[in-house]
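Listing of run_37.txt; format and content: compact mmCIF, C-alpha atoms.
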# COMPACT_ATOMS: atom_id res chain seq x y z
CA MET L 22 -41.99 28.69 -2.08
CA PRO L 23 -41.08 25.47 -0.30
CA LEU L 24 -37.78 24.57 1.27
CA HIS L 25 -35.85 21.81 -0.39
CA LEU L 26 -34.39 19.53 2.26
CA GLU L 27 -31.69 16.91 1.82
CA VAL L 28 -30.30 14.80 4.63
CA ILE L 29 -27.18 12.93 3.57
CA THR L 30 -24.92 10.54 5.45
CA PRO L 31 -21.68 9.09 4.08
CA GLU L 32 -23.53 5.84 3.43
CA ARG L 33 -26.73 7.05 1.84
CA SER L 34 -29.25 9.80 1.35
CA VAL L 35 -31.75 9.59 4.20
CA TYR L 36 -34.28 12.22 3.20
CA GLU L 37 -34.97 14.37 0.19
CA ASP L 38 -38.17 16.35 -0.27
CA ASP L 39 -39.75 19.79 -0.40
CA VAL L 40 -40.89 20.81 3.08
CA ASP L 41 -42.47 23.80 4.88
CA MET L 42 -40.14 24.12 7.84
CA VAL L 43 -37.30 22.40 9.61
CA ILE L 44 -36.22 22.61 13.23
CA ALA L 45 -32.63 21.56 13.64
CA PRO L 46 -30.54 20.75 16.71
CA GLY L 47 -27.82 23.36 16.20
CA SER L 48 -24.76 23.10 18.40
CA GLU L 49 -25.88 26.41 20.00
CA GLY L 50 -29.47 25.30 20.47
CA TYR L 51 -32.47 24.40 18.34
CA LEU L 52 -33.13 26.64 15.38
CA GLY L 53 -36.06 26.84 13.01
CA ILE L 54 -35.61 27.39 9.30
CA LEU L 55 -38.43 28.79 7.19
CA PRO L 56 -38.36 29.60 3.47
CA HIS L 57 -36.26 32.65 2.52
CA HIS L 58 -33.91 32.14 5.41
CA ALA L 59 -30.60 33.99 5.13
CA PRO L 60 -27.56 31.86 4.15
CA LEU L 61 -26.51 29.99 7.24
CA PHE L 62 -23.97 27.36 8.07
CA THR L 63 -24.01 25.64 11.40
CA THR L 64 -22.62 22.64 13.16
CA LEU L 65 -25.25 20.30 14.55
CA GLY L 66 -25.36 18.71 17.94
CA PRO L 67 -26.94 15.31 18.45
CA GLY L 68 -30.70 15.61 18.82
CA GLU L 69 -34.10 15.67 17.14
CA PHE L 70 -34.38 17.03 13.66
CA ARG L 71 -38.00 17.98 12.97
CA VAL L 72 -39.43 18.34 9.51
CA LYS L 73 -42.83 19.96 8.93
CA LYS L 74 -44.69 19.39 5.74
CA GLY L 75 -48.38 20.03 5.12
CA GLY L 76 -49.23 20.01 8.82
CA VAL L 77 -47.46 16.71 9.40
CA GLU L 78 -44.31 16.54 11.46
CA GLU L 79 -41.61 13.98 10.94
CA VAL L 80 -38.78 13.51 13.38
CA LEU L 81 -35.31 12.24 12.58
CA ALA L 82 -32.55 11.60 15.05
CA VAL L 83 -29.25 13.10 13.92
CA PHE L 84 -25.88 12.56 15.54
CA GLY L 85 -23.81 15.65 14.87
CA GLY L 86 -22.80 17.03 11.49
CA PHE L 87 -23.46 20.21 9.55
CA MET L 88 -26.36 22.12 8.07
CA ASP L 89 -26.02 24.39 5.08
CA VAL L 90 -28.92 26.74 4.34
CA ARG L 91 -28.97 28.84 1.23
CA ALA L 92 -31.42 29.89 -1.46
CA ASN L 93 -34.24 27.79 0.00
CA ARG L 94 -32.07 24.68 0.03
CA VAL L 95 -31.24 22.98 3.27
CA VAL L 96 -28.48 20.40 3.12
CA VAL L 97 -27.77 18.37 6.23
CA LEU L 98 -24.56 16.38 6.29
CA THR L 99 -24.46 14.06 9.23
CA ASP L 100 -22.61 10.94 10.30
CA ALA L 101 -25.83 9.15 11.02
CA ALA L 102 -29.52 9.95 10.83
CA GLU L 103 -32.47 7.69 11.40
CA HIS L 104 -36.22 7.93 11.37
CA ILE L 105 -37.58 8.09 14.85
CA GLU L 106 -39.81 5.07 14.23
CA ASP L 107 -36.68 2.99 13.63
CA ILE L 108 -35.26 3.67 17.04
CA ASP L 109 -35.34 0.66 19.31
CA ALA L 110 -35.34 1.87 22.92
CA SER L 111 -34.34 -1.47 24.44
CA ARG L 112 -31.40 -1.81 22.06
CA ALA L 113 -30.30 1.73 22.88
CA GLN L 114 -30.52 0.87 26.57
CA GLU L 115 -28.32 -2.17 26.05
CA ALA L 116 -25.83 -0.09 24.08
CA ARG L 117 -25.74 2.50 26.85
CA ASP L 118 -25.12 -0.11 29.53
CA ARG L 119 -22.41 -1.76 27.46
CA ALA L 120 -20.62 1.54 26.83
CA GLN L 121 -20.88 2.53 30.49
CA GLN L 122 -19.47 -0.80 31.60
CA LEU L 123 -16.59 -0.48 29.17
CA LEU L 124 -15.79 3.02 30.34
CA ALA L 125 -16.04 1.98 34.00
CA ALA L 126 -13.74 -1.01 33.46
CA GLY L 127 -11.11 1.24 31.90
CA PRO L 128 -10.74 0.90 28.12
CA VAL L 129 -7.68 -0.73 26.60
CA SER L 130 -6.69 2.11 24.26
CA ALA L 131 -7.54 5.70 23.49
CA ALA L 132 -9.31 4.60 20.31
CA ASP L 133 -11.46 2.19 22.31
CA GLU L 134 -12.32 4.91 24.77
CA ALA L 135 -13.32 7.34 22.02
CA ARG L 136 -15.45 4.64 20.42
CA ALA L 137 -17.16 3.82 23.72
CA ARG L 138 -17.84 7.49 24.40
CA ALA L 139 -19.33 7.98 20.95
CA ALA L 140 -21.48 4.87 21.38
CA LEU L 141 -22.63 6.11 24.76
CA GLN L 142 -23.61 9.46 23.37
CA ARG L 143 -25.52 7.92 20.46
CA ALA L 144 -27.36 5.66 22.87
CA LEU L 145 -28.28 8.60 25.11
CA VAL L 146 -29.66 10.60 22.18
CA ARG L 147 -31.71 7.64 21.03
CA LEU L 148 -33.09 7.12 24.52
CA ARG L 149 -33.98 10.77 24.93
CA ILE L 150 -35.82 10.80 21.64
CA ALA L 151 -37.59 7.54 22.34
CA GLU L 152 -38.64 8.99 25.71
CA GLY L 153 -40.05 12.15 24.07
CA ARG L 154 -41.96 10.03 21.58
CA ARG L 155 -43.68 8.10 24.37
CA ARG L 156 -44.67 11.24 26.18
CA ARG L 157 -46.24 12.82 23.13
CA ARG L 158 -48.53 9.90 22.52
CA MET N 29 1.79 -37.02 -25.76
CA PRO N 30 0.48 -37.73 -22.24
CA SER N 31 -1.36 -40.98 -21.76
CA GLU N 32 -5.11 -41.18 -21.93
CA ARG N 33 -5.36 -41.75 -18.20
CA GLU N 34 -3.17 -38.70 -17.55
CA ILE N 35 -5.46 -36.57 -19.72
CA ARG N 36 -8.58 -37.81 -17.95
CA ARG N 37 -6.96 -36.93 -14.64
CA ARG N 38 -6.29 -33.41 -15.87
CA ILE N 39 -9.84 -33.03 -17.09
CA ARG N 40 -11.08 -33.89 -13.62
CA SER N 41 -8.81 -31.37 -11.93
CA VAL N 42 -9.62 -28.60 -14.42
CA ARG N 43 -13.30 -29.25 -13.85
CA ASN N 44 -12.83 -28.93 -10.09
CA ILE N 45 -10.95 -25.68 -10.51
CA GLN N 46 -13.67 -24.40 -12.80
CA GLN N 47 -16.27 -25.12 -10.15
CA VAL N 48 -14.27 -23.12 -7.61
CA THR N 49 -13.67 -20.12 -9.89
CA LYS N 50 -17.29 -20.18 -10.96
CA ALA N 51 -18.41 -20.01 -7.32
CA MET N 52 -15.98 -17.18 -6.59
CA GLN N 53 -17.24 -15.33 -9.62
CA THR N 54 -20.82 -15.56 -8.39
CA VAL N 55 -19.88 -14.40 -4.91
CA ALA N 56 -17.82 -11.50 -6.26
CA ALA N 57 -20.64 -10.50 -8.59
CA SER N 58 -23.14 -10.11 -5.79
CA ARG N 59 -20.65 -8.32 -3.53
CA MET N 60 -19.70 -6.13 -6.46
CA ARG N 61 -23.23 -4.86 -6.79
CA ARG N 62 -23.32 -3.89 -3.12
CA ALA N 63 -19.88 -2.28 -3.22
CA GLN N 64 -20.70 -0.33 -6.35
CA GLN N 65 -23.89 0.98 -4.79
CA ALA N 66 -21.98 2.00 -1.66
CA VAL N 67 -19.40 4.00 -3.58
CA LEU N 68 -22.02 5.76 -5.67
CA ALA N 69 -24.22 6.47 -2.64
CA SER N 70 -21.38 8.14 -0.77
CA ARG N 71 -20.34 10.50 -3.52
CA PRO N 72 -22.99 13.22 -2.91
CA TYR N 73 -21.84 13.65 0.70
CA GLU N 74 -18.25 14.24 -0.28
CA GLU N 75 -19.18 16.57 -3.13
CA ARG N 76 -21.32 18.64 -0.76
CA LEU N 77 -18.68 18.86 1.90
CA ARG N 78 -16.06 19.87 -0.66
CA GLY N 79 -18.45 22.49 -2.02
CA ILE N 80 -18.76 23.82 1.50
CA LEU N 81 -14.98 24.09 1.80
CA ASN N 82 -14.99 26.16 -1.38
CA ASP N 83 -17.69 28.41 0.04
CA LEU N 84 -15.98 28.78 3.39
CA ALA N 85 -12.51 29.38 2.02
CA PRO N 86 -13.05 33.07 1.15
CA HIS N 87 -14.18 33.65 4.73
CA ALA N 88 -11.19 31.98 6.30
CA ASP N 89 -7.56 32.82 6.62
CA PRO N 90 -5.40 29.97 5.19
CA GLU N 91 -3.24 30.33 8.28
CA ALA N 92 -6.28 29.88 10.46
CA HIS N 93 -6.23 26.12 10.43
CA ALA N 94 -3.38 23.65 10.61
CA LEU N 95 -4.89 21.48 7.86
CA LEU N 96 -4.78 24.37 5.37
CA ALA N 97 -1.11 25.20 5.99
CA ARG N 98 1.05 25.17 2.87
CA ARG N 99 4.72 24.50 3.44
CA GLU N 100 7.74 23.80 1.33
CA VAL N 101 7.65 20.07 0.65
CA LYS N 102 10.53 18.13 2.12
CA ARG N 103 8.67 15.01 3.00
CA ALA N 104 5.29 13.60 2.05
CA ALA N 105 3.12 10.80 3.37
CA ILE N 106 1.40 8.43 0.97
CA ILE N 107 -1.70 6.58 2.09
CA LEU N 108 -1.61 3.48 -0.08
CA ILE N 109 -4.89 1.61 -0.27
CA SER N 110 -4.95 -2.00 -1.46
CA THR N 111 -7.10 -5.07 -0.95
CA ASP N 112 -6.65 -7.61 1.82
CA ARG N 113 -7.07 -10.65 -0.41
CA GLY N 114 -5.69 -11.53 -3.81
CA LEU N 115 -7.22 -12.99 -6.97
CA VAL N 116 -7.98 -9.52 -8.27
CA GLY N 117 -5.85 -9.55 -11.42
CA GLY N 118 -3.34 -6.71 -11.61
CA LEU N 119 -5.21 -4.38 -9.29
CA ASN N 120 -2.79 -4.34 -6.37
CA THR N 121 0.31 -4.58 -8.55
CA ASN N 122 -0.83 -1.53 -10.47
CA VAL N 123 -1.70 0.59 -7.48
CA VAL N 124 1.55 -0.26 -5.69
CA ARG N 125 3.58 0.47 -8.81
CA THR N 126 1.76 3.81 -9.23
CA ALA N 127 2.59 4.72 -5.63
CA LEU N 128 6.26 3.74 -5.89
CA ARG N 129 6.68 5.64 -9.12
CA PHE N 130 4.93 8.68 -7.70
CA ALA N 131 7.10 8.54 -4.59
CA GLU N 132 10.19 8.88 -6.79
CA THR N 133 9.00 12.34 -7.86
CA LEU N 134 8.87 13.48 -4.23
CA PRO N 135 11.87 14.64 -2.22
CA GLY N 136 11.02 12.10 0.49
CA ALA N 137 8.11 9.81 1.19
CA SER N 138 6.80 7.53 3.89
CA TYR N 139 3.75 5.31 3.69
CA VAL N 140 0.57 4.58 5.55
CA ALA N 141 -0.32 1.10 4.31
CA VAL N 142 -3.97 0.08 4.12
CA GLY N 143 -4.80 -3.52 3.21
CA ARG N 144 -2.68 -6.66 3.55
CA LYS N 145 -1.36 -6.50 0.01
CA ALA N 146 0.00 -2.97 0.44
CA ILE N 147 1.59 -3.95 3.74
CA GLY N 148 3.31 -6.97 2.15
CA GLN N 149 4.47 -5.17 -0.98
CA LEU N 150 5.88 -2.17 0.87
CA ARG N 151 7.82 -4.50 3.14
CA ARG N 152 9.15 -6.35 0.13
CA PHE N 153 10.37 -3.12 -1.44
CA ARG N 154 11.75 -1.99 1.94
CA GLN N 155 9.80 1.25 2.00
CA PRO N 156 9.41 3.30 5.19
CA VAL N 157 5.94 2.65 6.62
CA SER N 158 4.65 4.72 9.52
CA ALA N 159 1.37 2.87 10.08
CA GLU N 160 -0.42 -0.24 8.84
CA PHE N 161 -4.14 -0.99 8.71
CA SER N 162 -5.98 -4.02 7.41
CA GLY N 163 -9.09 -6.14 7.77
CA PHE N 164 -11.71 -3.87 6.24
CA SER N 165 -10.84 -3.72 2.55
CA GLU N 166 -14.02 -5.46 1.38
CA ARG N 167 -16.38 -3.55 3.61
CA PRO N 168 -14.94 -0.28 4.85
CA THR N 169 -16.91 1.79 7.36
CA PRO N 170 -16.36 5.47 8.18
CA ARG N 171 -15.12 4.31 11.56
CA ASP N 172 -12.33 2.18 10.05
CA THR N 173 -11.12 4.84 7.68
CA SER N 174 -11.35 7.84 10.01
CA ILE N 175 -8.55 6.28 12.07
CA VAL N 176 -6.39 6.11 8.95
CA ALA N 177 -7.16 9.75 8.14
CA ARG N 178 -6.43 10.83 11.67
CA VAL N 179 -3.01 9.17 11.70
CA ALA N 180 -2.08 10.98 8.49
CA ALA N 181 -3.51 14.29 9.69
CA GLU N 182 -1.56 14.04 12.93
CA GLU N 183 1.70 13.53 11.04
CA PHE N 184 0.83 16.56 8.94
CA ILE N 185 -0.06 18.76 11.90
CA ALA N 186 3.07 17.66 13.76
CA LYS N 187 5.02 18.75 10.64
CA LYS N 188 6.55 15.31 10.21
CA VAL N 189 5.26 15.53 6.65
CA ASP N 190 4.40 18.55 4.51
CA GLU N 191 1.90 16.91 2.21
CA VAL N 192 -0.34 13.85 2.30
CA TYR N 193 -1.33 11.91 -0.80
CA LEU N 194 -3.82 9.16 -1.31
CA VAL N 195 -3.03 6.41 -3.81
CA TYR N 196 -5.93 4.08 -4.49
CA THR N 197 -7.82 2.33 -7.25
CA ARG N 198 -10.63 4.50 -8.47
CA PHE N 199 -13.74 2.64 -9.55
CA ILE N 200 -14.98 3.71 -12.99
CA ASN N 201 -17.08 0.72 -14.02
CA THR N 202 -17.00 -3.04 -13.84
CA LEU N 203 -14.32 -3.31 -16.50
CA ARG N 204 -12.31 -0.22 -15.62
CA GLN N 205 -10.52 0.62 -12.40
CA VAL N 206 -7.80 3.23 -12.49
CA PRO N 207 -4.91 3.69 -10.04
CA THR N 208 -5.24 7.27 -8.86
CA VAL N 209 -3.03 9.72 -6.97
CA ARG N 210 -4.79 12.47 -5.08
CA ARG N 211 -3.43 15.08 -2.71
CA ILE N 212 -5.52 15.36 0.44
CA LEU N 213 -3.39 17.64 2.64
CA PRO N 214 -2.98 20.55 2.78
CA LEU N 215 -6.61 21.11 1.89
CA VAL N 216 -6.77 23.47 -1.03
CA PRO N 217 -10.04 24.96 -2.21
CA GLU N 218 -10.64 24.80 -5.94
CA ASP N 219 -9.79 28.27 -7.14
CA GLU N 220 -12.06 28.51 -10.15
CA ASP N 221 -15.14 28.14 -8.00
CA ILE N 222 -14.08 30.96 -5.76
CA ASP N 223 -13.42 33.32 -8.65
CA THR N 224 -16.75 32.79 -10.31
CA LEU N 225 -18.96 32.88 -7.24
CA PRO N 226 -19.37 36.08 -5.25
CA PRO N 227 -18.73 35.34 -1.58
CA LEU N 228 -22.03 34.63 0.13
CA GLN N 229 -22.96 36.63 3.19
CA TYR N 230 -23.07 33.60 5.42
CA ILE N 231 -24.17 33.44 9.00
CA PHE N 232 -21.91 31.01 10.82
CA GLU N 233 -22.95 29.29 13.97
CA PRO N 234 -21.21 29.27 16.38
CA ASP N 235 -18.60 31.16 14.26
CA ALA N 236 -16.50 30.68 11.12
CA GLU N 237 -13.46 29.29 12.97
CA THR N 238 -15.43 26.66 14.87
CA VAL N 239 -17.24 25.63 11.70
CA LEU N 240 -13.96 25.31 9.83
CA GLU N 241 -12.49 23.39 12.74
CA ALA N 242 -15.35 20.91 12.44
CA VAL N 243 -15.55 20.68 8.65
CA LEU N 244 -11.89 20.26 7.70
CA PRO N 245 -11.05 17.05 9.60
CA ARG N 246 -14.32 15.54 8.42
CA LEU N 247 -13.43 16.32 4.85
CA VAL N 248 -10.09 14.54 5.17
CA GLU N 249 -11.74 11.54 6.83
CA LEU N 250 -14.38 11.43 4.16
CA THR N 251 -11.91 11.55 1.29
CA VAL N 252 -10.16 8.51 2.74
CA TYR N 253 -13.50 6.76 3.27
CA GLN N 254 -14.47 7.48 -0.30
CA ALA N 255 -11.15 6.07 -1.56
CA ALA N 256 -11.64 2.93 0.54
CA LEU N 257 -15.10 2.46 -0.98
CA ASP N 258 -13.66 2.96 -4.46
CA ASN N 259 -11.04 0.35 -3.65
CA ALA N 260 -13.70 -2.08 -2.39
CA ALA N 261 -15.84 -1.68 -5.52
CA SER N 262 -12.73 -2.06 -7.68
CA GLU N 263 -11.71 -5.16 -5.73
CA GLN N 264 -14.99 -6.98 -6.26
CA SER N 265 -15.21 -5.92 -9.90
CA ALA N 266 -11.64 -7.03 -10.63
CA ARG N 267 -12.20 -10.32 -8.81
CA MET N 268 -15.41 -10.96 -10.66
CA VAL N 269 -13.75 -10.29 -14.01
CA SER N 270 -10.63 -12.32 -13.28
CA MET N 271 -12.69 -15.25 -12.00
CA ARG N 272 -14.84 -15.09 -15.09
CA ASN N 273 -11.69 -15.22 -17.22
CA ALA N 274 -10.46 -18.17 -15.20
CA THR N 275 -13.76 -19.98 -15.67
CA ASP N 276 -13.68 -19.29 -19.41
CA ASN N 277 -10.07 -20.47 -19.63
CA ALA N 278 -11.01 -23.63 -17.81
CA ALA N 279 -13.79 -24.22 -20.34
CA ASP N 280 -11.32 -23.80 -23.23
CA LEU N 281 -8.87 -26.13 -21.55
CA LEU N 282 -11.59 -28.73 -20.99
CA GLU N 283 -12.44 -28.61 -24.67
CA ASP N 284 -8.80 -29.13 -25.68
CA TYR N 285 -8.30 -31.94 -23.19
CA THR N 286 -11.53 -33.65 -24.17
CA LEU N 287 -10.41 -33.62 -27.79
CA ALA N 288 -7.00 -34.98 -26.81
CA ALA N 289 -8.62 -37.66 -24.65
CA ASN N 290 -10.90 -38.72 -27.49
CA LYS N 291 -7.98 -38.87 -29.90
CA ALA N 292 -6.00 -40.97 -27.44
CA ARG N 293 -8.98 -43.28 -26.98
CA GLN N 294 -9.43 -43.55 -30.73
CA GLY N 295 -5.72 -44.31 -31.12
CA ARG N 296 -5.87 -46.99 -28.47
CA ILE N 297 -8.87 -48.66 -30.08
CA THR N 298 -7.23 -48.53 -33.51
CA LYS N 299 -4.11 -50.06 -32.05
CA GLU N 300 -6.07 -52.86 -30.40
CA MET N 301 -7.93 -53.55 -33.63
CA LEU N 302 -4.65 -53.69 -35.52
CA GLU N 303 -3.25 -56.08 -32.96
CA ILE N 304 -6.27 -58.35 -33.20
CA ALA N 305 -6.28 -58.20 -36.98
CA SER N 306 -2.60 -58.91 -37.29
CA GLY N 307 -2.93 -61.68 -34.70
CA ALA N 308 -5.75 -63.28 -36.68
CA GLU N 309 -3.80 -62.92 -39.89
CA ALA N 310 -0.79 -64.59 -38.33
CA LEU N 311 -2.98 -67.48 -37.14
CA GLY N 312 -4.62 -67.85 -40.57
CA LYS N 313 -1.24 -68.07 -42.32
CA GLY N 314 0.01 -70.66 -39.87
This entry written out as structure tokens:
Amino acid sequence: MPLHLEVITPERSVYEDDVDMVIAPGSEGYLGILPHHAPLFTTLGPGEFRVKKGGVEEVLAVFGGFMDVRANRVVVLTDAAEHIEDIDASRAQEARDRAQQLLAAGPVSAADEARARAALQRALVRLRIAEGRRRRR
Amino acid sequence: MPSEREIRRRIRSVRNIQQVTKAMQTVAASRMRRAQQAVLASRPYEERLRGILNDLAPHADPEAHALLARREVKRAAIILISTDRGLVGGLNTNVVRTALRFAETLPGASYVAVGRKAIGQLRRFRQPVSAEFSGFSERPTPRDTSIVARVAAEEFIAKKVDEVYLVYTRFINTLRQVPTVRRILPLVPEDEDIDTLPPLQYIFEPDAETVLEAVLPRLVELTVYQAALDNAASEQSARMVSMRNATDNAADLLEDYTLAANKARQGRITKEMLEIASGAEALGKG
């Protein structure tokens, strides 16, 4: 009995397939979901979302959101998710520097500050994941 | 009857207009495809999140979260979503009229205007507007719309308003876009789903309150995002259709004018012939 996994963002569906196991970055720490897991609902922190299928592991980066597990269906609702291969470390570095500069200079409005903080966090997650990918190779 | 030269001048100007409307039609058609895809692609997310609200509701106390609070309605906020640019047929007129008419059924209403047309119309009708947003009607992002949702949610939480409605143009298909009124606050789970489904024994991480705290604002933001996407798809569809009508009308007009021009030309030639003939006749007699 496989797990049916769907990863959905407001803009599109990122992933949909039957898989063997997922390891999700829960807000309380990483958690693994195998078939026949009890119904679970959790908020997700930013981090690596690992999908195992037939001995192959795929890694997505997710940036917060929710995961709903029930009856062998895993639904991940997240603001943004991307395949790890699509992450561009140098672009993330630029984004991080830009956000840090903005925050250091003192943002114009509260909305700007929130945006800069969110950008900074996204950049840090991307960098961490890109770092992990290099080490594994 | 305008002169032949006048008619030829009109033909030229109609042809120029036709070229412009034709170009706008083509542009709108390609943007329409993208906008329609965007609205359809975003629907599963919202449906899921709403389903989750229905599942969570039995586990949560309606008093537990400010966004679930039901109060006697003295004042409501209406988020009115329109386009930034015109040339979309009756789309904005219809949605504004729907909002104004709906507001009359409420004890009191103030607006959050989204899109330049809504801002202008509400000013013209001297309606109370608490916030204005524009510049993203053709290509809304979750970031643009979450600010709109947050402003409305803050008014609701601060008890400045007791309900929040969304008035926007729902995209059905290329030929049909319907002005729609939808209540977004307080969030109310759909009762029928709760009755039919036994409450699941859910594990919540970290706990039910935190999860609710995270899900509810997102749901409000997402509903606004969805409405903005609907509006964008409606905008491009309506523009495409109205530009196609304009192009067709120009073609009809060109046909009429060409006929008139040919008649005028024929008349002029006949007149010249008559003049020559009668001139020759007069000479012959003399």
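The residues that lie within 12 Å of the point (-29.8, 6.3, 10.6), counting all atoms listed in the file, are Val28, Ile29, Thr30, Pro31, Glu32, Arg33, Ser34, Val35, Tyr36, Val80, Leu81, Ala82, Val83, Phe84, Gly85, Thr99, Asp100, Ala101, Ala102, Glu103, His104, Ile105, Glu106, Asp107, Ile108, Asp109, Arg143 and Arg147 of chain L.
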Just give me the residues with any atom within 12 Å of (-10.5, -27.0, -14.7), file coordinates, counting all atoms listed in the file, written as a compact mmCIF listing (two decimals) with C-alpha atoms, in the coordinates of the input.
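This is the output file point_37.txt:
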# COMPACT_ATOMS: atom_id res chain seq x y z
CA ILE N 35 -5.46 -36.57 -19.72
CA ARG N 36 -8.58 -37.81 -17.95
CA ARG N 37 -6.96 -36.93 -14.64
CA ARG N 38 -6.29 -33.41 -15.87
CA ILE N 39 -9.84 -33.03 -17.09
CA ARG N 40 -11.08 -33.89 -13.62
CA SER N 41 -8.81 -31.37 -11.93
CA VAL N 42 -9.62 -28.60 -14.42
CA ARG N 43 -13.30 -29.25 -13.85
CA ASN N 44 -12.83 -28.93 -10.09
CA ILE N 45 -10.95 -25.68 -10.51
CA GLN N 46 -13.67 -24.40 -12.80
CA GLN N 47 -16.27 -25.12 -10.15
CA VAL N 48 -14.27 -23.12 -7.61
CA THR N 49 -13.67 -20.12 -9.89
CA LYS N 50 -17.29 -20.18 -10.96
CA ALA N 274 -10.46 -18.17 -15.20
CA THR N 275 -13.76 -19.98 -15.67
CA ASP N 276 -13.68 -19.29 -19.41
CA ASN N 277 -10.07 -20.47 -19.63
CA ALA N 278 -11.01 -23.63 -17.81
CA ALA N 279 -13.79 -24.22 -20.34
CA ASP N 280 -11.32 -23.80 -23.23
CA LEU N 281 -8.87 -26.13 -21.55
CA LEU N 282 -11.59 -28.73 -20.99
CA GLU N 283 -12.44 -28.61 -24.67
CA ASP N 284 -8.80 -29.13 -25.68
CA TYR N 285 -8.30 -31.94 -23.19
CA THR N 286 -11.53 -33.65 -24.17
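Each of N:Glu100, N:Glu300, N:Ser262, N:Ala289 was checked against Arg61 (chain N) using only C-alpha atoms; the smallest atom-to-atom distance is that of N:Ser262.
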Original post:
Which neighbours of Gly86 (chain L) fall inside 8 Å, counting only C-alpha atoms, when residues of the same chain fewer than 6 positions from it are skipped, and could you give them as a ChimeraX atom specification?
Top reply: /L:64-66,97-100
**OP:** Kindly provide, as a PyMOL selection string, the residues of chain N having any atom no farther than 7 Å from an atom of chain L, counting all atoms listed in the file.
**Re:** chain N and resi 66+69-70+73+229-234+239
**OP:** Determine, counting only C-alpha atoms, which protein, DNA and RNA residues have an atom within 9 Å of an atom of Ala116 (chain L); residues of the same chain fewer than 4 positions away are not included. Present the result as a list of chain:residue names.
**Re:** L:Ser111, L:Arg112, L:Ala120, L:Gln121, L:Ala140, L:Leu141, L:Arg143, L:Ala144
Subject >> Residue neighbourhood Pro207 (chain N), 8 Å, all atoms listed in the file, exclusion window fewer than 5 positions, as an MDAnalysis selection string >> reply: chainID N and resid 122:123 126 195:198
Subject >> Residue contacts of Pro170 (chain N) (12 Å, only C-alpha atoms) excluding same-chain residues fewer than 3 positions away, as a PyMOL selection string >> reply: (chain L and resi 30-32+99-101) or (chain N and resi 66+70+164+167+173-178+246-257)
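Considering the residues L:Leu145, L:His57, L:Pro23, L:Arg94 and counting all atoms listed in the file, Arg117 (chain L) has its shortest atom-to-atom contact with L:Leu145.
Taking all atoms listed in the file into account, Arg293 (chain N) lies nearest to N:Arg33 out of the set N:Arg152, N:Arg76, N:Arg103, N:Arg33.
Among the candidate residues N:Asp112, N:Leu240, N:Val124, N:Gln53, the one lying nearest to Val209 (chain N) is N:Val124, with distances computed using all atoms listed in the file.
The shortest atom-to-atom distance to Val192 (chain N), with all atoms listed in the file taken into account, belongs to N:Ala105 out of N:Met268, N:Met52, N:Leu128, N:Ala105.
Here CA of His93 (chain N) and CA of Phe184 (chain N) stand 12.0 Å from one another.
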Original post:
Can you tell me how far CA of Gly79 (chain N) sits from CA of Met42 (chain L), in Å to one decimal?
Top reply: 23.9 Å
What's the 10 Å shell around Glu166 (chain N), counting only C-alpha atoms, without same-chain residues fewer than 5 positions away, as a tab-separated table (two decimals) with C-alpha atoms, in the coordinates of the input?
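Below is the file result-v9.tsv, written as the result:
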chain	number	residue	atom	x	y	z
N	59	ARG	CA	-20.65	-8.32	-3.53
N	60	MET	CA	-19.70	-6.13	-6.46
N	63	ALA	CA	-19.88	-2.28	-3.22
N	111	THR	CA	-7.10	-5.07	-0.95
N	112	ASP	CA	-6.65	-7.61	1.82
N	113	ARG	CA	-7.07	-10.65	-0.41
N	143	GLY	CA	-4.80	-3.52	3.21
N	256	ALA	CA	-11.64	2.93	0.54
N	257	LEU	CA	-15.10	2.46	-0.98
N	259	ASN	CA	-11.04	0.35	-3.65
N	260	ALA	CA	-13.70	-2.08	-2.39
N	261	ALA	CA	-15.84	-1.68	-5.52
N	262	SER	CA	-12.73	-2.06	-7.68
N	263	GLU	CA	-11.71	-5.16	-5.73
N	264	GLN	CA	-14.99	-6.98	-6.26
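Relative to CA of Ala236 (chain N), CA of Arg71 (chain N) is found at 25.2 Å.
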**OP:** Counting all atoms listed in the file, figure out which residue out of N:Ala146, N:Ala266, N:Ile304, N:Leu108 gets nearest to Leu203 (chain N).
**Re:** N:Ala266
